[in-house]
$ cat structure-v5.txt   # compact mmCIF, C-alpha atoms
# COMPACT_ATOMS: atom_id res chain seq x y z
CA MET A 356 18.57 -24.20 19.35
CA GLY A 357 17.83 -23.94 15.63
CA THR A 358 17.13 -20.74 13.77
CA ASP A 359 13.58 -22.09 13.30
CA LYS A 360 12.87 -21.07 16.87
CA LEU A 361 14.50 -17.68 16.60
CA ILE A 362 12.92 -16.62 13.32
CA THR A 363 9.32 -17.80 13.23
CA PRO A 364 6.85 -16.99 10.42
CA ASP A 365 5.34 -14.46 12.84
CA THR A 366 8.65 -12.59 12.89
CA PHE A 367 8.45 -12.16 9.11
CA GLY A 368 4.78 -11.22 9.40
CA PHE A 369 5.58 -8.60 12.02
CA ILE A 370 8.43 -7.05 9.96
CA ALA A 371 6.20 -7.16 6.87
CA ALA A 372 3.29 -5.42 8.61
CA ALA A 373 5.59 -2.78 10.13
CA LEU A 374 7.21 -1.97 6.77
CA THR A 375 4.03 -1.86 4.65
CA THR A 376 2.45 0.39 7.33
CA ILE A 377 5.28 2.85 8.05
CA ALA A 378 6.14 3.04 4.30
CA PHE A 379 3.48 5.73 3.81
CA LEU A 380 5.07 8.12 6.31
CA PRO A 381 7.86 9.17 3.88
CA GLN A 382 5.13 9.95 1.30
CA VAL A 383 3.28 12.13 3.85
CA ILE A 384 6.54 13.97 4.68
CA LYS A 385 7.52 14.40 1.01
CA THR A 386 4.08 15.71 0.04
CA TRP A 387 4.02 18.05 3.05
CA ARG A 388 7.49 19.43 2.19
CA THR A 389 7.09 19.83 -1.58
CA LYS A 390 3.41 20.91 -1.37
CA LYS A 391 2.84 18.75 -4.46
CA ALA A 392 1.18 15.40 -5.09
CA GLU A 393 0.20 15.84 -8.73
CA ASP A 394 1.90 12.59 -9.79
CA VAL A 395 0.18 10.55 -7.07
CA SER A 396 -2.89 8.78 -8.51
CA ILE A 397 -6.12 9.80 -6.78
CA VAL A 398 -7.78 6.59 -8.02
CA MET A 399 -5.06 4.60 -6.25
CA LEU A 400 -5.60 6.53 -3.01
CA LEU A 401 -9.40 6.12 -3.13
CA MET A 402 -9.22 2.39 -3.91
CA PHE A 403 -6.50 1.80 -1.32
CA ILE A 404 -8.35 3.71 1.41
CA THR A 405 -11.60 1.85 0.61
CA GLY A 406 -9.66 -1.42 0.82
CA LEU A 407 -8.25 -0.40 4.21
CA ILE A 408 -11.79 0.23 5.52
CA PHE A 409 -12.66 -3.34 4.51
CA TRP A 410 -9.47 -4.61 6.25
CA ILE A 411 -10.51 -2.75 9.42
CA ILE A 412 -14.00 -4.33 9.30
CA TYR A 413 -12.41 -7.74 8.70
CA ALA A 414 -10.00 -7.23 11.62
CA ILE A 415 -12.82 -6.22 13.98
CA GLN A 416 -14.95 -9.21 12.95
CA THR A 417 -12.11 -11.68 13.37
CA SER A 418 -10.69 -9.96 16.50
CA ALA A 419 -7.32 -9.69 14.76
CA LEU A 420 -5.71 -6.92 16.82
CA PRO A 421 -2.37 -6.66 14.93
CA VAL A 422 -4.25 -6.46 11.59
CA LEU A 423 -6.54 -3.82 13.09
CA ILE A 424 -3.72 -1.63 14.43
CA ALA A 425 -1.63 -1.87 11.23
CA ASN A 426 -4.61 -1.00 9.04
CA ILE A 427 -5.77 1.91 11.20
CA ILE A 428 -2.28 3.48 11.01
CA THR A 429 -2.09 2.84 7.23
CA PHE A 430 -5.60 4.31 6.88
CA ILE A 431 -4.66 7.52 8.78
CA LEU A 432 -1.45 7.95 6.75
CA ASN A 433 -3.22 7.46 3.40
CA LEU A 434 -6.11 9.72 4.38
CA THR A 435 -3.47 12.36 5.19
CA ILE A 436 -1.84 11.91 1.75
CA LEU A 437 -5.27 12.19 0.07
CA THR A 438 -6.17 15.33 2.04
CA LEU A 439 -2.82 16.99 1.24
CA LYS A 440 -3.19 16.04 -2.43
CA LEU A 441 -6.68 17.56 -2.64
CA ILE A 442 -5.43 20.79 -1.00
CA TYR A 443 -2.27 21.15 -3.12
CA ASP A 444 -3.93 20.11 -6.42
CA ARG A 445 -6.55 22.82 -5.85
CA GLU A 446 -3.92 25.46 -5.00
CA GLU A 447 -2.09 24.66 -8.24
CA ASN A 448 -5.11 25.34 -10.46
CA MET B 1369 -31.00 -17.16 6.85
CA GLY B 1370 -29.28 -14.19 8.53
CA THR B 1371 -26.92 -11.81 6.81
CA ASP B 1372 -24.20 -13.31 9.02
CA LYS B 1373 -24.14 -16.29 6.71
CA LEU B 1374 -24.18 -14.29 3.52
CA ILE B 1375 -21.51 -11.78 4.48
CA THR B 1376 -18.80 -13.59 6.40
CA PRO B 1377 -15.58 -11.95 7.65
CA ASP B 1378 -13.84 -13.73 4.75
CA THR B 1379 -16.01 -11.76 2.32
CA PHE B 1380 -14.70 -8.50 3.78
CA GLY B 1381 -11.17 -9.92 3.79
CA PHE B 1382 -11.47 -10.89 0.14
CA ILE B 1383 -12.80 -7.46 -0.93
CA ALA B 1384 -10.10 -5.79 1.20
CA ALA B 1385 -7.30 -7.83 -0.37
CA ALA B 1386 -8.61 -7.25 -3.90
CA LEU B 1387 -8.85 -3.47 -3.40
CA THR B 1388 -5.47 -2.96 -1.68
CA THR B 1389 -3.85 -5.06 -4.44
CA ILE B 1390 -5.52 -3.65 -7.56
CA ALA B 1391 -5.25 -0.07 -6.18
CA PHE B 1392 -1.70 0.20 -7.53
CA LEU B 1393 -2.74 -0.43 -11.15
CA PRO B 1394 -4.16 3.14 -11.59
CA GLN B 1395 -0.79 4.48 -10.33
CA VAL B 1396 1.07 2.35 -12.90
CA ILE B 1397 -1.25 3.62 -15.67
CA LYS B 1398 -1.00 7.26 -14.54
CA THR B 1399 2.81 7.14 -14.30
CA TRP B 1400 3.05 5.40 -17.70
CA ARG B 1401 0.80 7.99 -19.34
CA THR B 1402 2.27 11.17 -17.79
CA LYS B 1403 5.88 9.87 -17.86
CA LYS B 1404 6.30 11.51 -14.43
CA ALA B 1405 6.53 10.18 -10.89
CA GLU B 1406 8.49 12.99 -9.29
CA ASP B 1407 5.94 13.43 -6.47
CA VAL B 1408 5.93 9.73 -5.60
CA SER B 1409 8.26 9.07 -2.66
CA ILE B 1410 11.07 6.65 -3.52
CA VAL B 1411 11.54 5.90 0.20
CA MET B 1412 7.89 4.82 0.35
CA LEU B 1413 8.32 2.54 -2.67
CA LEU B 1414 11.52 0.95 -1.32
CA MET B 1415 10.05 0.37 2.17
CA PHE B 1416 6.76 -0.93 0.75
CA ILE B 1417 8.47 -3.31 -1.70
CA THR B 1418 10.76 -4.61 1.08
CA GLY B 1419 7.68 -5.14 3.25
CA LEU B 1420 6.01 -7.06 0.43
CA ILE B 1421 9.03 -9.39 0.17
CA PHE B 1422 8.59 -10.14 3.88
CA TRP B 1423 4.83 -10.75 3.32
CA ILE B 1424 5.70 -13.19 0.51
CA ILE B 1425 8.16 -15.08 2.79
CA TYR B 1426 5.52 -15.11 5.54
CA ALA B 1427 2.86 -16.42 3.13
CA ILE B 1428 5.15 -19.21 1.88
CA GLN B 1429 6.07 -20.26 5.43
CA THR B 1430 2.46 -20.31 6.58
CA SER B 1431 1.11 -21.78 3.29
CA ALA B 1432 -1.29 -18.83 3.03
CA LEU B 1433 -2.10 -18.95 -0.70
CA PRO B 1434 -4.44 -15.90 -0.88
CA VAL B 1435 -1.86 -13.79 1.02
CA LEU B 1436 0.85 -15.06 -1.33
CA ILE B 1437 -1.08 -14.27 -4.53
CA ALA B 1438 -2.20 -10.80 -3.34
CA ASN B 1439 1.32 -9.85 -2.28
CA ILE B 1440 2.99 -11.13 -5.46
CA ILE B 1441 0.62 -8.99 -7.57
CA THR B 1442 1.15 -5.95 -5.29
CA PHE B 1443 4.91 -6.57 -5.48
CA ILE B 1444 4.91 -6.66 -9.32
CA LEU B 1445 2.79 -3.48 -9.55
CA ASN B 1446 4.99 -1.56 -7.09
CA LEU B 1447 8.20 -2.77 -8.72
CA THR B 1448 6.76 -1.45 -12.01
CA ILE B 1449 6.00 1.96 -10.41
CA LEU B 1450 9.56 2.08 -8.98
CA THR B 1451 11.13 1.14 -12.34
CA LEU B 1452 9.06 3.77 -14.21
CA LYS B 1453 9.94 6.39 -11.57
CA LEU B 1454 13.67 5.67 -11.87
CA ILE B 1455 13.48 5.93 -15.68
CA TYR B 1456 11.40 9.13 -15.78
CA ASP B 1457 13.28 10.86 -12.92
CA ARG B 1458 16.53 10.26 -14.82
CA GLU B 1459 15.10 11.53 -18.12
CA GLU B 1460 13.98 14.71 -16.38
CA ASN B 1461 17.49 15.59 -15.14

$ encode --input "structure-v5.txt" --output "structure tokens"
Amino acid sequence: MGTDKLITPDTFGFIAAALTTIAFLPQVIKTWRTKKAEDVSIVMLLMFITGLIFWIIYAIQTSALPVLIANIITFILNLTILTLKLIYDREEN
Amino acid sequence: MGTDKLITPDTFGFIAAALTTIAFLPQVIKTWRTKKAEDVSIVMLLMFITGLIFWIIYAIQTSALPVLIANIITFILNLTILTLKLIYDREEN
């Protein structure tokens, strides 16, 4: 049996999706702990979250369940970061 | 002609990919201008960049050119944010 059968493109896709989804959890934790997100760009968050909404629509239309799940989790995590940022930025001023 | 033909799932996919790629440019600009990225989680950046490498491998193996291009741009932008963060975090200490 070759490694081709063990490590398929889907394996890489799955690891990729898991990492680029879960990556935002450390940012949520850091922001929650430090009560600061001043250096995090709000324009980035708004553009990224808008993009995720389009990914969710795309995933629903194409019935792509893994894409849907990954993007819903990423959406929730980024919405949490945005909410925390808005709260802490306001408290600072 | 119905709107189904004008707005295909690919349209949403294209807008989604453009937004979640370009979103990191405002973070690069903000970090460059303020010379600070203390609040940006390094664990997030490292996990996200690793995930992007896996997306690039996946895109090469599946000959998915749009996925490849989007992820290479996202990779370069995030590597820039990480590099700036490492420089500015060091300068601060």

$ residues_around --input "structure-v5.txt" --residues "Ile1383 of chain B" --least-positions-apart "5" --cutoff "12 Å" --atoms "only C-alpha atoms" --output "PyMOL selection string"
(chain A and resi 402-403+405-413) or (chain B and resi 1375-1378+1388-1391+1434+1438)

$ atom_distance --input "structure-v5.txt" --atom1 "atom CA of Lys1403 of chain B" --atom2 "atom CA of Leu1452 of chain B"
7.8 Å

$ closest_residue --input "structure-v5.txt" --among "B:Leu1450, B:Val1435, B:Leu1374, B:Val1411" --to "Ala1386 of chain B" --atoms "all atoms listed in the file"
B:Val1435

$ calpha_fit_and_write --input "structure-v5.txt" --fixed "chain A" --moving "chain B" --output "JSON list (two decimals) with C-alpha atoms, in the frame of the given file"
[["chain", "number", "residue", "atom", "x", "y", "z"],
["B", 1369, "MET", "CA", 18.48, -24.36, 19.21],
["B", 1370, "GLY", "CA", 17.76, -24.04, 15.47],
["B", 1371, "THR", "CA", 17.09, -20.80, 13.67],
["B", 1372, "ASP", "CA", 13.54, -22.09, 13.18],
["B", 1373, "LYS", "CA", 12.85, -21.15, 16.77],
["B", 1374, "LEU", "CA", 14.50, -17.78, 16.61],
["B", 1375, "ILE", "CA", 12.95, -16.63, 13.35],
["B", 1376, "THR", "CA", 9.35, -17.78, 13.27],
["B", 1377, "PRO", "CA", 6.88, -16.96, 10.47],
["B", 1378, "ASP", "CA", 5.35, -14.43, 12.89],
["B", 1379, "THR", "CA", 8.67, -12.57, 12.94],
["B", 1380, "PHE", "CA", 8.49, -12.13, 9.16],
["B", 1381, "GLY", "CA", 4.81, -11.20, 9.45],
["B", 1382, "PHE", "CA", 5.59, -8.58, 12.07],
["B", 1383, "ILE", "CA", 8.43, -7.02, 10.03],
["B", 1384, "ALA", "CA", 6.21, -7.14, 6.92],
["B", 1385, "ALA", "CA", 3.31, -5.39, 8.66],
["B", 1386, "ALA", "CA", 5.59, -2.74, 10.18],
["B", 1387, "LEU", "CA", 7.22, -1.93, 6.82],
["B", 1388, "THR", "CA", 4.03, -1.84, 4.70],
["B", 1389, "THR", "CA", 2.44, 0.42, 7.36],
["B", 1390, "ILE", "CA", 5.27, 2.87, 8.08],
["B", 1391, "ALA", "CA", 6.15, 3.07, 4.34],
["B", 1392, "PHE", "CA", 3.48, 5.74, 3.84],
["B", 1393, "LEU", "CA", 5.05, 8.15, 6.35],
["B", 1394, "PRO", "CA", 7.86, 9.20, 3.91],
["B", 1395, "GLN", "CA", 5.14, 9.97, 1.32],
["B", 1396, "VAL", "CA", 3.28, 12.15, 3.85],
["B", 1397, "ILE", "CA", 6.53, 13.99, 4.69],
["B", 1398, "LYS", "CA", 7.52, 14.41, 1.02],
["B", 1399, "THR", "CA", 4.07, 15.71, 0.03],
["B", 1400, "TRP", "CA", 4.00, 18.07, 3.04],
["B", 1401, "ARG", "CA", 7.44, 19.45, 2.21],
["B", 1402, "THR", "CA", 7.06, 19.85, -1.58],
["B", 1403, "LYS", "CA", 3.38, 20.92, -1.38],
["B", 1404, "LYS", "CA", 2.82, 18.77, -4.49],
["B", 1405, "ALA", "CA", 1.19, 15.40, -5.10],
["B", 1406, "GLU", "CA", 0.22, 15.83, -8.73],
["B", 1407, "ASP", "CA", 1.92, 12.57, -9.78],
["B", 1408, "VAL", "CA", 0.20, 10.54, -7.07],
["B", 1409, "SER", "CA", -2.85, 8.77, -8.50],
["B", 1410, "ILE", "CA", -6.09, 9.78, -6.78],
["B", 1411, "VAL", "CA", -7.74, 6.57, -8.03],
["B", 1412, "MET", "CA", -5.02, 4.59, -6.25],
["B", 1413, "LEU", "CA", -5.57, 6.51, -3.01],
["B", 1414, "LEU", "CA", -9.37, 6.11, -3.13],
["B", 1415, "MET", "CA", -9.19, 2.37, -3.92],
["B", 1416, "PHE", "CA", -6.48, 1.78, -1.30],
["B", 1417, "ILE", "CA", -8.34, 3.71, 1.42],
["B", 1418, "THR", "CA", -11.58, 1.83, 0.61],
["B", 1419, "GLY", "CA", -9.64, -1.44, 0.82],
["B", 1420, "LEU", "CA", -8.25, -0.40, 4.21],
["B", 1421, "ILE", "CA", -11.79, 0.22, 5.52],
["B", 1422, "PHE", "CA", -12.64, -3.35, 4.51],
["B", 1423, "TRP", "CA", -9.45, -4.61, 6.25],
["B", 1424, "ILE", "CA", -10.50, -2.74, 9.41],
["B", 1425, "ILE", "CA", -14.01, -4.33, 9.30],
["B", 1426, "TYR", "CA", -12.40, -7.74, 8.70],
["B", 1427, "ALA", "CA", -9.99, -7.24, 11.63],
["B", 1428, "ILE", "CA", -12.83, -6.23, 13.98],
["B", 1429, "GLN", "CA", -14.96, -9.22, 12.95],
["B", 1430, "THR", "CA", -12.10, -11.68, 13.38],
["B", 1431, "SER", "CA", -10.69, -9.96, 16.52],
["B", 1432, "ALA", "CA", -7.31, -9.68, 14.77],
["B", 1433, "LEU", "CA", -5.71, -6.90, 16.85],
["B", 1434, "PRO", "CA", -2.37, -6.63, 14.96],
["B", 1435, "VAL", "CA", -4.25, -6.45, 11.62],
["B", 1436, "LEU", "CA", -6.55, -3.81, 13.11],
["B", 1437, "ILE", "CA", -3.73, -1.61, 14.45],
["B", 1438, "ALA", "CA", -1.63, -1.86, 11.25],
["B", 1439, "ASN", "CA", -4.60, -0.99, 9.05],
["B", 1440, "ILE", "CA", -5.78, 1.92, 11.20],
["B", 1441, "ILE", "CA", -2.30, 3.49, 11.00],
["B", 1442, "THR", "CA", -2.09, 2.85, 7.23],
["B", 1443, "PHE", "CA", -5.60, 4.31, 6.87],
["B", 1444, "ILE", "CA", -4.67, 7.53, 8.76],
["B", 1445, "LEU", "CA", -1.45, 7.97, 6.74],
["B", 1446, "ASN", "CA", -3.22, 7.46, 3.39],
["B", 1447, "LEU", "CA", -6.12, 9.71, 4.35],
["B", 1448, "THR", "CA", -3.49, 12.37, 5.17],
["B", 1449, "ILE", "CA", -1.83, 11.91, 1.73],
["B", 1450, "LEU", "CA", -5.26, 12.18, 0.04],
["B", 1451, "THR", "CA", -6.18, 15.33, 2.02],
["B", 1452, "LEU", "CA", -2.82, 16.99, 1.22],
["B", 1453, "LYS", "CA", -3.18, 16.03, -2.46],
["B", 1454, "LEU", "CA", -6.67, 17.55, -2.68],
["B", 1455, "ILE", "CA", -5.44, 20.78, -1.04],
["B", 1456, "TYR", "CA", -2.29, 21.14, -3.16],
["B", 1457, "ASP", "CA", -3.95, 20.09, -6.45],
["B", 1458, "ARG", "CA", -6.57, 22.80, -5.88],
["B", 1459, "GLU", "CA", -3.96, 25.46, -5.03],
["B", 1460, "GLU", "CA", -2.12, 24.65, -8.24],
["B", 1461, "ASN", "CA", -5.15, 25.33, -10.47]]

$ closest_residue --input "structure-v5.txt" --among "A:Ile428, A:Leu441, A:Gln416, A:Ser396" --to "Phe1392 of chain B" --atoms "all atoms listed in the file"
A:Ser396

$ atom_distance --input "structure-v5.txt" --atom1 "atom CA of Ser1431 of chain B" --atom2 "atom CA of Phe1443 of chain B"
18.0 Å

$ atom_distance --input "structure-v5.txt" --atom1 "atom CA of Asn1446 of chain B" --atom2 "atom CA of Lys1398 of chain B"
13.0 Å

$ closest_residue --input "structure-v5.txt" --among "A:Leu423, A:Ile404, A:Ala371, A:Val383" --to "chain B" --atoms "only C-alpha atoms"
A:Ala371

$ residues_near_point --input "structure-v5.txt" --point "(-3.7, 19.1, 3.3)" --cutoff "12 Å" --atoms "all atoms listed in the file" --output "JSON, numbers by chain"
{"A": [383, 384, 386, 387, 388, 389, 390, 391, 392, 432, 433, 434, 435, 436, 437, 438, 439, 440, 441, 442, 443, 444, 445, 446]}

$ closest_residue --input "structure-v5.txt" --among "A:Ile431, A:Ala419, A:Gln382, A:Thr366" --to "chain B" --atoms "only C-alpha atoms"
A:Gln382

$ decode --input "structure-v5.txt" --residues "segment 412-425 of chain A" --atoms "all heavy atoms" --output "PDB file, in the first residue's frame"
ATOM      1  N   ILE A 412     -23.429  30.951   2.966  1.00  0.00           N
ATOM      2  CA  ILE A 412     -24.436  30.922   1.886  1.00  0.00           C
ATOM      3  C   ILE A 412     -23.988  29.962   0.778  1.00  0.00           C
ATOM      4  O   ILE A 412     -24.755  29.120   0.310  1.00  0.00           O
ATOM      5  CB  ILE A 412     -24.655  32.341   1.284  1.00  0.00           C
ATOM      6  CG1 ILE A 412     -25.234  33.296   2.340  1.00  0.00           C
ATOM      7  CG2 ILE A 412     -25.578  32.279   0.061  1.00  0.00           C
ATOM      8  CD1 ILE A 412     -25.222  34.762   1.923  1.00  0.00           C
ATOM      9  N   TYR A 413     -22.723  30.081   0.396  1.00  0.00           N
ATOM     10  CA  TYR A 413     -22.142  29.210  -0.636  1.00  0.00           C
ATOM     11  C   TYR A 413     -22.264  27.741  -0.239  1.00  0.00           C
ATOM     12  O   TYR A 413     -22.653  26.894  -1.046  1.00  0.00           O
ATOM     13  CB  TYR A 413     -20.674  29.597  -0.853  1.00  0.00           C
ATOM     14  CG  TYR A 413     -19.894  28.643  -1.713  1.00  0.00           C
ATOM     15  CD1 TYR A 413     -19.959  28.698  -3.104  1.00  0.00           C
ATOM     16  CD2 TYR A 413     -19.077  27.660  -1.140  1.00  0.00           C
ATOM     17  CE1 TYR A 413     -19.239  27.822  -3.894  1.00  0.00           C
ATOM     18  CE2 TYR A 413     -18.358  26.776  -1.917  1.00  0.00           C
ATOM     19  CZ  TYR A 413     -18.433  26.856  -3.296  1.00  0.00           C
ATOM     20  OH  TYR A 413     -17.723  25.975  -4.081  1.00  0.00           O
ATOM     21  N   ALA A 414     -21.927  27.452   1.036  1.00  0.00           N
ATOM     22  CA  ALA A 414     -21.950  26.067   1.526  1.00  0.00           C
ATOM     23  C   ALA A 414     -23.369  25.504   1.535  1.00  0.00           C
ATOM     24  O   ALA A 414     -23.584  24.333   1.210  1.00  0.00           O
ATOM     25  CB  ALA A 414     -21.342  26.000   2.926  1.00  0.00           C
ATOM     26  N   ILE A 415     -24.345  26.345   1.897  1.00  0.00           N
ATOM     27  CA  ILE A 415     -25.748  25.905   1.896  1.00  0.00           C
ATOM     28  C   ILE A 415     -26.190  25.608   0.461  1.00  0.00           C
ATOM     29  O   ILE A 415     -26.777  24.568   0.180  1.00  0.00           O
ATOM     30  CB  ILE A 415     -26.663  26.971   2.550  1.00  0.00           C
ATOM     31  CG1 ILE A 415     -26.365  27.072   4.059  1.00  0.00           C
ATOM     32  CG2 ILE A 415     -28.145  26.648   2.321  1.00  0.00           C
ATOM     33  CD1 ILE A 415     -26.986  28.291   4.750  1.00  0.00           C
ATOM     34  N   GLN A 416     -25.859  26.523  -0.450  1.00  0.00           N
ATOM     35  CA  GLN A 416     -26.278  26.369  -1.851  1.00  0.00           C
ATOM     36  C   GLN A 416     -25.649  25.169  -2.544  1.00  0.00           C
ATOM     37  O   GLN A 416     -26.240  24.590  -3.437  1.00  0.00           O
ATOM     38  CB  GLN A 416     -25.962  27.648  -2.629  1.00  0.00           C
ATOM     39  CG  GLN A 416     -26.871  28.805  -2.233  1.00  0.00           C
ATOM     40  CD  GLN A 416     -26.710  29.972  -3.180  1.00  0.00           C
ATOM     41  OE1 GLN A 416     -25.658  30.166  -3.751  1.00  0.00           O
ATOM     42  NE2 GLN A 416     -27.758  30.759  -3.330  1.00  0.00           N
ATOM     43  N   THR A 417     -24.427  24.828  -2.135  1.00  0.00           N
ATOM     44  CA  THR A 417     -23.739  23.711  -2.780  1.00  0.00           C
ATOM     45  C   THR A 417     -23.808  22.439  -1.938  1.00  0.00           C
ATOM     46  O   THR A 417     -23.184  21.437  -2.269  1.00  0.00           O
ATOM     47  CB  THR A 417     -22.253  24.062  -3.059  1.00  0.00           C
ATOM     48  OG1 THR A 417     -21.620  24.384  -1.807  1.00  0.00           O
ATOM     49  CG2 THR A 417     -22.130  25.237  -3.998  1.00  0.00           C
ATOM     50  N   SER A 418     -24.562  22.510  -0.827  1.00  0.00           N
ATOM     51  CA  SER A 418     -24.704  21.368   0.101  1.00  0.00           C
ATOM     52  C   SER A 418     -23.349  20.832   0.566  1.00  0.00           C
ATOM     53  O   SER A 418     -23.162  19.630   0.708  1.00  0.00           O
ATOM     54  CB  SER A 418     -25.506  20.233  -0.543  1.00  0.00           C
ATOM     55  OG  SER A 418     -26.731  20.708  -1.032  1.00  0.00           O
ATOM     56  N   ALA A 419     -22.412  21.751   0.794  1.00  0.00           N
ATOM     57  CA  ALA A 419     -21.077  21.358   1.241  1.00  0.00           C
ATOM     58  C   ALA A 419     -21.019  21.403   2.768  1.00  0.00           C
ATOM     59  O   ALA A 419     -20.672  22.418   3.357  1.00  0.00           O
ATOM     60  CB  ALA A 419     -20.029  22.270   0.623  1.00  0.00           C
ATOM     61  N   LEU A 420     -21.375  20.268   3.396  1.00  0.00           N
ATOM     62  CA  LEU A 420     -21.503  20.210   4.851  1.00  0.00           C
ATOM     63  C   LEU A 420     -20.207  20.541   5.606  1.00  0.00           C
ATOM     64  O   LEU A 420     -20.248  21.332   6.554  1.00  0.00           O
ATOM     65  CB  LEU A 420     -22.063  18.846   5.287  1.00  0.00           C
ATOM     66  CG  LEU A 420     -22.531  18.777   6.750  1.00  0.00           C
ATOM     67  CD1 LEU A 420     -23.689  19.746   7.010  1.00  0.00           C
ATOM     68  CD2 LEU A 420     -22.949  17.357   7.124  1.00  0.00           C
ATOM     69  N   PRO A 421     -19.044  19.985   5.192  1.00  0.00           N
ATOM     70  CA  PRO A 421     -17.812  20.328   5.928  1.00  0.00           C
ATOM     71  C   PRO A 421     -17.496  21.832   5.858  1.00  0.00           C
ATOM     72  O   PRO A 421     -17.090  22.425   6.854  1.00  0.00           O
ATOM     73  CB  PRO A 421     -16.717  19.517   5.222  1.00  0.00           C
ATOM     74  CG  PRO A 421     -17.448  18.431   4.503  1.00  0.00           C
ATOM     75  CD  PRO A 421     -18.773  19.003   4.125  1.00  0.00           C
ATOM     76  N   VAL A 422     -17.714  22.425   4.672  1.00  0.00           N
ATOM     77  CA  VAL A 422     -17.479  23.868   4.494  1.00  0.00           C
ATOM     78  C   VAL A 422     -18.435  24.657   5.390  1.00  0.00           C
ATOM     79  O   VAL A 422     -18.050  25.637   6.033  1.00  0.00           O
ATOM     80  CB  VAL A 422     -17.671  24.285   3.008  1.00  0.00           C
ATOM     81  CG1 VAL A 422     -17.418  25.782   2.820  1.00  0.00           C
ATOM     82  CG2 VAL A 422     -16.755  23.481   2.105  1.00  0.00           C
ATOM     83  N   LEU A 423     -19.679  24.191   5.467  1.00  0.00           N
ATOM     84  CA  LEU A 423     -20.694  24.850   6.293  1.00  0.00           C
ATOM     85  C   LEU A 423     -20.308  24.828   7.767  1.00  0.00           C
ATOM     86  O   LEU A 423     -20.290  25.871   8.429  1.00  0.00           O
ATOM     87  CB  LEU A 423     -22.059  24.169   6.092  1.00  0.00           C
ATOM     88  CG  LEU A 423     -23.234  24.791   6.848  1.00  0.00           C
ATOM     89  CD1 LEU A 423     -23.551  26.188   6.325  1.00  0.00           C
ATOM     90  CD2 LEU A 423     -24.489  23.914   6.743  1.00  0.00           C
ATOM     91  N   ILE A 424     -19.968  23.637   8.268  1.00  0.00           N
ATOM     92  CA  ILE A 424     -19.621  23.486   9.688  1.00  0.00           C
ATOM     93  C   ILE A 424     -18.393  24.334  10.041  1.00  0.00           C
ATOM     94  O   ILE A 424     -18.407  25.097  11.007  1.00  0.00           O
ATOM     95  CB  ILE A 424     -19.381  21.995  10.039  1.00  0.00           C
ATOM     96  CG1 ILE A 424     -20.701  21.215   9.897  1.00  0.00           C
ATOM     97  CG2 ILE A 424     -18.814  21.838  11.455  1.00  0.00           C
ATOM     98  CD1 ILE A 424     -20.539  19.705   9.920  1.00  0.00           C
ATOM     99  N   ALA A 425     -17.329  24.217   9.227  1.00  0.00           N
ATOM    100  CA  ALA A 425     -16.092  24.966   9.490  1.00  0.00           C
ATOM    101  C   ALA A 425     -16.362  26.472   9.531  1.00  0.00           C
ATOM    102  O   ALA A 425     -15.880  27.177  10.414  1.00  0.00           O
ATOM    103  CB  ALA A 425     -15.044  24.645   8.416  1.00  0.00           C
TER     104      ALA A 425
END
